[in-house]
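Read through the structure below, which is laid out as structure tokens, and then see the notes.
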Amino acid sequence: MKQTPPKPSRRRPNFPLDFNIKLVEQALQPGVSIAKLARDNGINDNLLFN
């Protein structure tokens with residue numbers, strides 16, 4: 001019987017609710033670049049954009 005090694009789990013990061021709210025509030029401001037805001041906070045811009 002051949003066993004396969006367990007796969008590493010790839011979980012999404014769970015950011016604190018207040019962090020999420022702060023980013024959404026900043027993203028809703030006129031003229032804000034979503035990509036720059038995400039980079040400044042160390043997250044992928046797709047996480048913030050979606």
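Residues are referred to by chain and number: the chain letter is A, B, ... according to the order shown in the structure tokens, the number counts from 1 in that chain, and ligands are numbered separately from 1 in the order shown.
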
Near segment 39-45 of chain A, counting only C-alpha atoms, which residues have an atom at most 10 Å away, once you skip same-chain residues fewer than 5 positions from it, shown as a list in words? Pro13, Phe19, Leu23, Ser33, Ile34 and Asn50 of chain A

Hey, can you spit out that residue selection with C-alpha atoms as a PDB file, in the first residue's frame?
```pdb
ATOM      1  CA  PRO A  13      -5.828  34.744   4.947  1.00  0.00           C
ATOM      2  CA  PHE A  19      -8.852  46.087   8.680  1.00  0.00           C
ATOM      3  CA  LEU A  23      -9.695  49.317   3.339  1.00  0.00           C
ATOM      4  CA  SER A  33      -6.176  53.569  -6.975  1.00  0.00           C
ATOM      5  CA  ILE A  34      -7.323  50.143  -5.793  1.00  0.00           C
ATOM      6  CA  ASN A  50     -13.576  41.703  -5.484  1.00  0.00           C
TER       7      ASN A  50
END
```

Find the residues near segment 26-29 of chain A: any atom within 9 Å, counting only C-alpha atoms, skip ones fewer than 6 places away on the same chain, and give them as a list of chain:residue names.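 So the residues in contact are A:Leu37, A:Leu48, A:Phe49.
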